[in-house]
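**Q** Here it is, the structure in full.
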Amino acid sequence: MKLFTKVCWLLLGALFIFSGLIKLNDPVGTALKLEEYFEVFAVDFGSFFLIFKDYARTISIFLSSLEVVLGVALLLRWMLRQTMWVLLGLLLFFAFLTFYSAAFNKVTDCGCFGDFIKLTPWQSFAKDMVLLGMWLVVFFNYRYLRYSFAKGQLGVVYITLAWAVAIGIGVRALGHLPYFDFLPYKVGNDIGKLMKPLEQARYQYVMERNGETKTFDQYPTDSTWKYKSMEVLNPEKSKPLITDFEVSDVDGNSFTQELLTGNKLVLIVQNTNKTDRERFKVINTLLAEAAKSRRKIQVLTITSTSPAKFDTFRHDVNLATPYYFADATVLKSMIRSNPGLMVLQDGKVLAKYHYHDIPALFNVEKLF
């Protein structure tokens with residue numbers, strides 16, 4: 001039991017640190033997931049939850065940092081009893097969210113490990129139950145973990161440092177781009193290829209005849225066999241990774257294939273209400289220079305804002321590029337910056353830039 005308790009203690013602390021760091025890697029993505037929960041709760045429990053949407057990014061960094069700090073405190077055994085009670089509160093909170101999502105099919109991905117590991121709601125709830133089980137083991141076998149690795153002022157220093165590092169990681173990712181991109185539009189990916197399945201679907205057919213059940217890789221030509229069920233043998237590889245990428249002009253005509261051809265410098269304006277307008281002077285300068293480049297770079301803008309509203313916006317910020325439209329969720333997956341820049345060559349993502357990191361033209365040209 002002593003060994004088992006220590007294993008649970010170690011896993012519990014490490015998993016909390018890992019989970020927090022994964023979320024801090026992409027605080028915008030975590031905030032988007034929180035906004036999704038707030039919208040659901042606003043419908044089911046009260047509209048006051050919508051108030052929290054404006055603070056989703058701050059809450060995202062705080063909760064993610066709290067996970068890291070609690071994990072560190074647990075591994076250091078710093079104020080272990082108090083740390084365990086706070087851990088329990090966080091575990092029960094997460095368990096409620098995942099159970100609610102699973103039971104009522106409200107949020108299909110809890111975002112427990114960001115976009116690094118995708119879990120279904122029931123898988124997320126099962127994970128939380130396992131964590132609660134480990135918490136119980138540690139809590140009721142506290143006597144095996146009495147020795148603290150950080151006592152007194154030294155412990156306070158370690159915990160303060162953990163808070164500072166965790167918040168610093170999150171704020172840095174918030175003001176730039178995620179350190180690690182786990183989304184389909186990451187640098188190096190070919191969007192056009194990911195819109196197609198890696199291989200053709202392969203099926204297994206379950207057939208029945210005279211009470212006998214048999215599986216076939218090919219649909220049997222013998223008509224005496226009666227169809228019972230069918231299963232896809234390669235569901236992951238037979239489904240495109242990108243299924244919702246569609247870009248169109250103001251008249252609704254598709255521009256997707258044109259976008260995935262040639263050298264492109266794409267400005268993405270997810271939402272004109274929340275975009276940083278102060279950066280457009282620098283952005284406009286880059287776009288104007290790129291349009292004259294010998295590399296034959298086509299510059300354009302993609303937004304999810306309505307045509308009339310965007311037309312007014314582009315005049316306000318002096319944006320002089322052709323503009324097209326795409327789904328808001330797709331644009332948020334393409335880049336965690338509003339506005340943001342993406343460099344494409346025949347559909348392959350060569351680079352992405354946050355509006356705090358607008359590059360010089362020569363840095364863009366040398367990508368091609």
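So you can find residues: chains in the structure tokens are A, B, ... in the order shown, residues in each start at 1, and ligands are numbered from 1 in order.
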Quick one: residues within 9 Å of Lys281 in chain A, only C-alpha atoms, excluding same-chain residues fewer than 3 positions away - as a CSV table (one decimal) with all heavy atoms, in the first residue's frame?

**A**
```csv
chain,number,residue,atom,x,y,z
A,277,ARG,N,-7.1,46.8,-34.0
A,277,ARG,CA,-7.0,47.7,-35.1
A,277,ARG,C,-5.7,48.5,-35.2
A,277,ARG,O,-5.3,48.9,-36.3
A,277,ARG,CB,-8.1,48.7,-35.0
A,277,ARG,CG,-9.5,48.0,-35.2
A,277,ARG,CD,-10.6,49.1,-35.1
A,277,ARG,NE,-11.9,48.4,-35.3
A,277,ARG,CZ,-12.9,48.8,-36.2
A,277,ARG,NH1,-12.6,49.9,-36.9
A,277,ARG,NH2,-14.0,48.2,-36.3
A,278,GLU,N,-5.0,48.6,-34.1
A,278,GLU,CA,-3.8,49.4,-34.0
A,278,GLU,C,-2.6,48.8,-34.9
A,278,GLU,O,-1.7,49.5,-35.3
A,278,GLU,CB,-3.3,49.5,-32.6
A,278,GLU,CG,-4.2,50.3,-31.7
A,278,GLU,CD,-3.7,50.4,-30.3
A,278,GLU,OE1,-2.6,49.9,-30.0
A,278,GLU,OE2,-4.4,51.1,-29.4
A,284,ASN,N,-0.8,46.6,-43.2
A,284,ASN,CA,-1.0,47.2,-44.5
A,284,ASN,C,0.2,47.5,-45.3
A,284,ASN,O,0.3,47.3,-46.5
A,284,ASN,CB,-1.9,48.5,-44.4
A,284,ASN,CG,-3.3,48.2,-44.0
A,284,ASN,OD1,-3.8,47.1,-44.2
A,284,ASN,ND2,-3.9,49.2,-43.4
A,285,THR,N,1.3,47.9,-44.6
A,285,THR,CA,2.6,48.2,-45.2
A,285,THR,C,3.2,46.9,-45.8
A,285,THR,O,3.6,46.8,-46.9
A,285,THR,CB,3.6,48.8,-44.2
A,285,THR,OG1,3.0,50.0,-43.8
A,285,THR,CG2,4.9,49.0,-44.9
A,286,LEU,N,3.1,45.8,-45.0
A,286,LEU,CA,3.6,44.5,-45.4
A,286,LEU,C,2.8,44.0,-46.6
A,286,LEU,O,3.4,43.5,-47.6
A,286,LEU,CB,3.6,43.5,-44.3
A,286,LEU,CG,3.9,42.0,-44.7
A,286,LEU,CD1,5.3,41.9,-45.2
A,286,LEU,CD2,3.7,41.1,-43.5
A,317,VAL,N,-9.8,50.9,-41.6
A,317,VAL,CA,-8.4,50.5,-41.3
A,317,VAL,C,-7.6,50.6,-42.6
A,317,VAL,O,-6.4,50.2,-42.6
A,317,VAL,CB,-8.3,49.1,-40.7
A,317,VAL,CG1,-9.0,49.1,-39.3
A,317,VAL,CG2,-8.8,48.0,-41.6
A,318,ASN,N,-8.1,51.1,-43.7
A,318,ASN,CA,-7.4,51.3,-45.0
A,318,ASN,C,-6.9,49.9,-45.5
A,318,ASN,O,-5.7,49.9,-46.0
A,318,ASN,CB,-6.3,52.3,-44.8
A,318,ASN,CG,-6.8,53.7,-44.5
A,318,ASN,OD1,-7.8,54.1,-45.1
A,318,ASN,ND2,-6.2,54.3,-43.5
A,319,LEU,N,-7.6,48.9,-45.4
A,319,LEU,CA,-7.2,47.6,-45.8
A,319,LEU,C,-7.6,47.4,-47.3
A,319,LEU,O,-8.8,47.4,-47.7
A,319,LEU,CB,-7.9,46.5,-45.0
A,319,LEU,CG,-7.6,45.0,-45.4
A,319,LEU,CD1,-6.1,44.7,-45.2
A,319,LEU,CD2,-8.4,44.1,-44.5
```

**Q** Could you give me the residues within range 2-210 of chain A that DSSP places in alpha helix (DSSP H), as a PyMOL selection string?

**A** chain A and resi 2-25+27-44+56-76+80-104+121-140+152-174+191-194

**Q** Which residue, A:Leu259, A:Met129, A:Leu75, A:Ala360, has the smallest gap to Ser148 in chain A when you use only C-alpha atoms?

**A**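 Of the candidates, the smallest distance to Ser148 in chain A is held by A:Leu75.
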
**Q** Leu331 in chain A: which residues within 10 Å, counting only C-alpha atoms, same-chain residues fewer than 4 positions away excluded, as a ChimeraX atom specification?

**A** /A:185,245,268-271,302-304,325-327,335-338,340

**Q** Hey, can you spit out that residue selection with N, CA and C atoms as a PDB file, in the first residue's frame?

**A**
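See out_26.pdb below for the written result:
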```
ATOM      1  N   TYR A 185      -3.938  22.958 -39.177  1.00  0.00           N
ATOM      2  CA  TYR A 185      -3.371  24.021 -40.006  1.00  0.00           C
ATOM      3  C   TYR A 185      -1.992  24.445 -39.520  1.00  0.00           C
ATOM      4  N   PHE A 245     -13.187  23.063 -44.381  1.00  0.00           N
ATOM      5  CA  PHE A 245     -12.474  24.208 -44.941  1.00  0.00           C
ATOM      6  C   PHE A 245     -13.105  24.613 -46.262  1.00  0.00           C
ATOM      7  N   ILE A 268      -5.872  36.965 -41.849  1.00  0.00           N
ATOM      8  CA  ILE A 268      -7.085  36.379 -41.279  1.00  0.00           C
ATOM      9  C   ILE A 268      -7.636  37.317 -40.214  1.00  0.00           C
ATOM     10  N   VAL A 269      -8.847  37.802 -40.459  1.00  0.00           N
ATOM     11  CA  VAL A 269      -9.546  38.659 -39.504  1.00  0.00           C
ATOM     12  C   VAL A 269     -10.768  37.877 -39.033  1.00  0.00           C
ATOM     13  N   GLN A 270     -10.642  37.241 -37.873  1.00  0.00           N
ATOM     14  CA  GLN A 270     -11.703  36.353 -37.406  1.00  0.00           C
ATOM     15  C   GLN A 270     -12.991  37.118 -37.136  1.00  0.00           C
ATOM     16  N   ASN A 271     -12.867  38.206 -36.407  1.00  0.00           N
ATOM     17  CA  ASN A 271     -14.031  38.983 -36.007  1.00  0.00           C
ATOM     18  C   ASN A 271     -13.625  40.441 -35.900  1.00  0.00           C
ATOM     19  N   ILE A 302      -9.178  36.915 -45.360  1.00  0.00           N
ATOM     20  CA  ILE A 302     -10.306  36.008 -45.110  1.00  0.00           C
ATOM     21  C   ILE A 302     -10.920  36.399 -43.770  1.00  0.00           C
ATOM     22  N   THR A 303     -12.229  36.484 -43.730  1.00  0.00           N
ATOM     23  CA  THR A 303     -12.931  36.870 -42.509  1.00  0.00           C
ATOM     24  C   THR A 303     -14.213  36.055 -42.360  1.00  0.00           C
ATOM     25  N   SER A 304     -14.779  36.098 -41.163  1.00  0.00           N
ATOM     26  CA  SER A 304     -16.080  35.468 -40.928  1.00  0.00           C
ATOM     27  C   SER A 304     -17.158  36.525 -40.695  1.00  0.00           C
ATOM     28  N   PHE A 325     -14.538  34.900 -47.506  1.00  0.00           N
ATOM     29  CA  PHE A 325     -15.259  34.549 -46.287  1.00  0.00           C
ATOM     30  C   PHE A 325     -15.119  33.061 -45.965  1.00  0.00           C
ATOM     31  N   ALA A 326     -15.059  32.765 -44.675  1.00  0.00           N
ATOM     32  CA  ALA A 326     -14.981  31.381 -44.200  1.00  0.00           C
ATOM     33  C   ALA A 326     -15.653  31.310 -42.836  1.00  0.00           C
ATOM     34  N   ASP A 327     -15.888  30.090 -42.386  1.00  0.00           N
ATOM     35  CA  ASP A 327     -16.533  29.870 -41.088  1.00  0.00           C
ATOM     36  C   ASP A 327     -15.637  30.360 -39.952  1.00  0.00           C
ATOM     37  N   ILE A 335      -5.488  30.024 -37.041  1.00  0.00           N
ATOM     38  CA  ILE A 335      -4.484  30.809 -36.318  1.00  0.00           C
ATOM     39  C   ILE A 335      -5.105  31.386 -35.055  1.00  0.00           C
ATOM     40  N   ARG A 336      -4.353  31.349 -33.954  1.00  0.00           N
ATOM     41  CA  ARG A 336      -4.823  31.866 -32.668  1.00  0.00           C
ATOM     42  C   ARG A 336      -4.431  33.340 -32.546  1.00  0.00           C
ATOM     43  N   SER A 337      -4.820  34.133 -33.514  1.00  0.00           N
ATOM     44  CA  SER A 337      -4.499  35.551 -33.498  1.00  0.00           C
ATOM     45  C   SER A 337      -5.536  36.285 -34.334  1.00  0.00           C
ATOM     46  N   ASN A 338      -5.976  37.435 -33.846  1.00  0.00           N
ATOM     47  CA  ASN A 338      -6.983  38.207 -34.566  1.00  0.00           C
ATOM     48  C   ASN A 338      -6.609  39.690 -34.567  1.00  0.00           C
ATOM     49  N   GLY A 340      -4.298  37.800 -37.868  1.00  0.00           N
ATOM     50  CA  GLY A 340      -3.111  36.970 -37.973  1.00  0.00           C
ATOM     51  C   GLY A 340      -2.749  36.770 -39.426  1.00  0.00           C
TER      52      GLY A 340
END
```

**Q** In Å, with one decimal, what is the gap from CA of Leu32 in chain A to CA of Leu131 in chain A?

**A** 24.7 Å

**Q** Which one of A:Asp251, A:Glu246, A:Asp222, A:Asp54 sits closest to Glu39 in chain A if you count only C-alpha atoms?

**A** A:Asp54

**Q** Would you mind listing what lies within 9 Å of Met334 in chain A as an MDAnalysis selection string, with only C-alpha atoms counted and same-chain residues fewer than 5 positions away left out?

**A** chainID A and resid 183:186 268 329 342 352

**Q** Store the residues of this selection in a file with N, CA and C atoms, as a PDB file, in the first residue's frame.

**A**
```pdb
ATOM      1  N   LEU A 183      -3.075  21.618 -34.176  1.00  0.00           N
ATOM      2  CA  LEU A 183      -4.237  21.728 -35.056  1.00  0.00           C
ATOM      3  C   LEU A 183      -3.870  21.369 -36.495  1.00  0.00           C
ATOM      4  N   PRO A 184      -4.862  21.075 -37.339  1.00  0.00           N
ATOM      5  CA  PRO A 184      -4.579  20.633 -38.710  1.00  0.00           C
ATOM      6  C   PRO A 184      -3.868  21.674 -39.572  1.00  0.00           C
ATOM      7  N   TYR A 185      -3.938  22.958 -39.177  1.00  0.00           N
ATOM      8  CA  TYR A 185      -3.371  24.021 -40.006  1.00  0.00           C
ATOM      9  C   TYR A 185      -1.992  24.445 -39.520  1.00  0.00           C
ATOM     10  N   LYS A 186      -1.271  23.564 -38.846  1.00  0.00           N
ATOM     11  CA  LYS A 186       0.043  23.920 -38.332  1.00  0.00           C
ATOM     12  C   LYS A 186       1.058  24.045 -39.468  1.00  0.00           C
ATOM     13  N   ILE A 268      -5.872  36.965 -41.849  1.00  0.00           N
ATOM     14  CA  ILE A 268      -7.085  36.379 -41.279  1.00  0.00           C
ATOM     15  C   ILE A 268      -7.636  37.317 -40.214  1.00  0.00           C
ATOM     16  N   THR A 329     -15.259  29.279 -36.887  1.00  0.00           N
ATOM     17  CA  THR A 329     -14.552  28.211 -36.179  1.00  0.00           C
ATOM     18  C   THR A 329     -13.311  27.776 -36.941  1.00  0.00           C
ATOM     19  N   MET A 342      -0.960  34.211 -42.436  1.00  0.00           N
ATOM     20  CA  MET A 342      -0.576  32.858 -42.800  1.00  0.00           C
ATOM     21  C   MET A 342       0.041  32.879 -44.199  1.00  0.00           C
ATOM     22  N   LYS A 352       3.162  31.112 -39.896  1.00  0.00           N
ATOM     23  CA  LYS A 352       2.027  31.826 -39.312  1.00  0.00           C
ATOM     24  C   LYS A 352       2.584  32.900 -38.377  1.00  0.00           C
TER      25      LYS A 352
END
```

**Q** Give me the residues of range 127-163 of chain A that have any atom at most 12 Å from an atom of range 90-103 of chain A; for each, the nearest atom pair and the distance in Å, rounded to one decimal. Use only C-alpha atoms, sort by chain and number, and format it as a tab-separated table.

**A**
```
residue	atom	partner	partner_atom	distance
A:Lys127	CA	A:Ala95	CA	8.9
A:Asp128	CA	A:Ala95	CA	5.6
A:Met129	CA	A:Ala95	CA	7.4
A:Val130	CA	A:Leu91	CA	10.4
A:Leu131	CA	A:Leu91	CA	7.6
A:Leu132	CA	A:Leu91	CA	6.8
A:Gly133	CA	A:Leu91	CA	10.6
A:Met134	CA	A:Leu91	CA	11.0
A:Trp135	CA	A:Leu91	CA	9.1
A:Leu136	CA	A:Leu91	CA	11.5
```

**Q** Looking at only C-alpha atoms, which of A:Lys274, A:Phe280, A:Phe310, A:Val364 is the one that sits closest to Lys296 in chain A?

**A**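 Going through A:Lys274, A:Phe280, A:Phe310, A:Val364 one by one, the smallest distance to Lys296 in chain A is for A:Val364.
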
**Q** Which residues are close to Asn210 in chain A, i.e. within 10 Å by only C-alpha atoms, leaving aside same-chain residues fewer than 5 positions away? Reply as a list of chain:residue names.

**A**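 The filter keeps A:Thr224, A:Trp225, A:Lys226.
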